Amino acid sequence: MNEKEKQEISLIGRLISMETLLILMGIVSLGYGIVNAQVMSVFWGVMILVGAVVLYFVRKKDWKKHWEEMEGAKRRYEERMKAQDQKENDDAGKQ
């Protein structure tokens, strides 16, 4: 397989990706709802398009960094809770 074939497959793969199909379905649903004055089709079309935009930004985000931040926040929370429990136990022991 040469380089040009790989590029063509990659281009076709991007054009027929799940995101493209979602956006296309949202546009079709929105258009159908507008043409036929069906509120639910307009609603679902808008929801699908908003979901596709959210999906784009979610996939763009650096997940490794995100999970590292979440683990750090969890550790800090657990340390605070442990310190608070120790303080409560020390206070209970003094009384």
# chains A, B, ... in the order shown; residues from 1 in each chain; ligands from 1

$ residues_around --residues "Val53 of chain A" --least-positions-apart "5" --cutoff "12 Å" --atoms "only C-alpha atoms" --output "number ranges by chain"
A: 19-20, 22-23, 26, 46-48, 58-60

$ atom_distance --atom1 "atom CA of Leu21 of chain A" --atom2 "atom CA of Lys65 of chain A"
29.1 Å
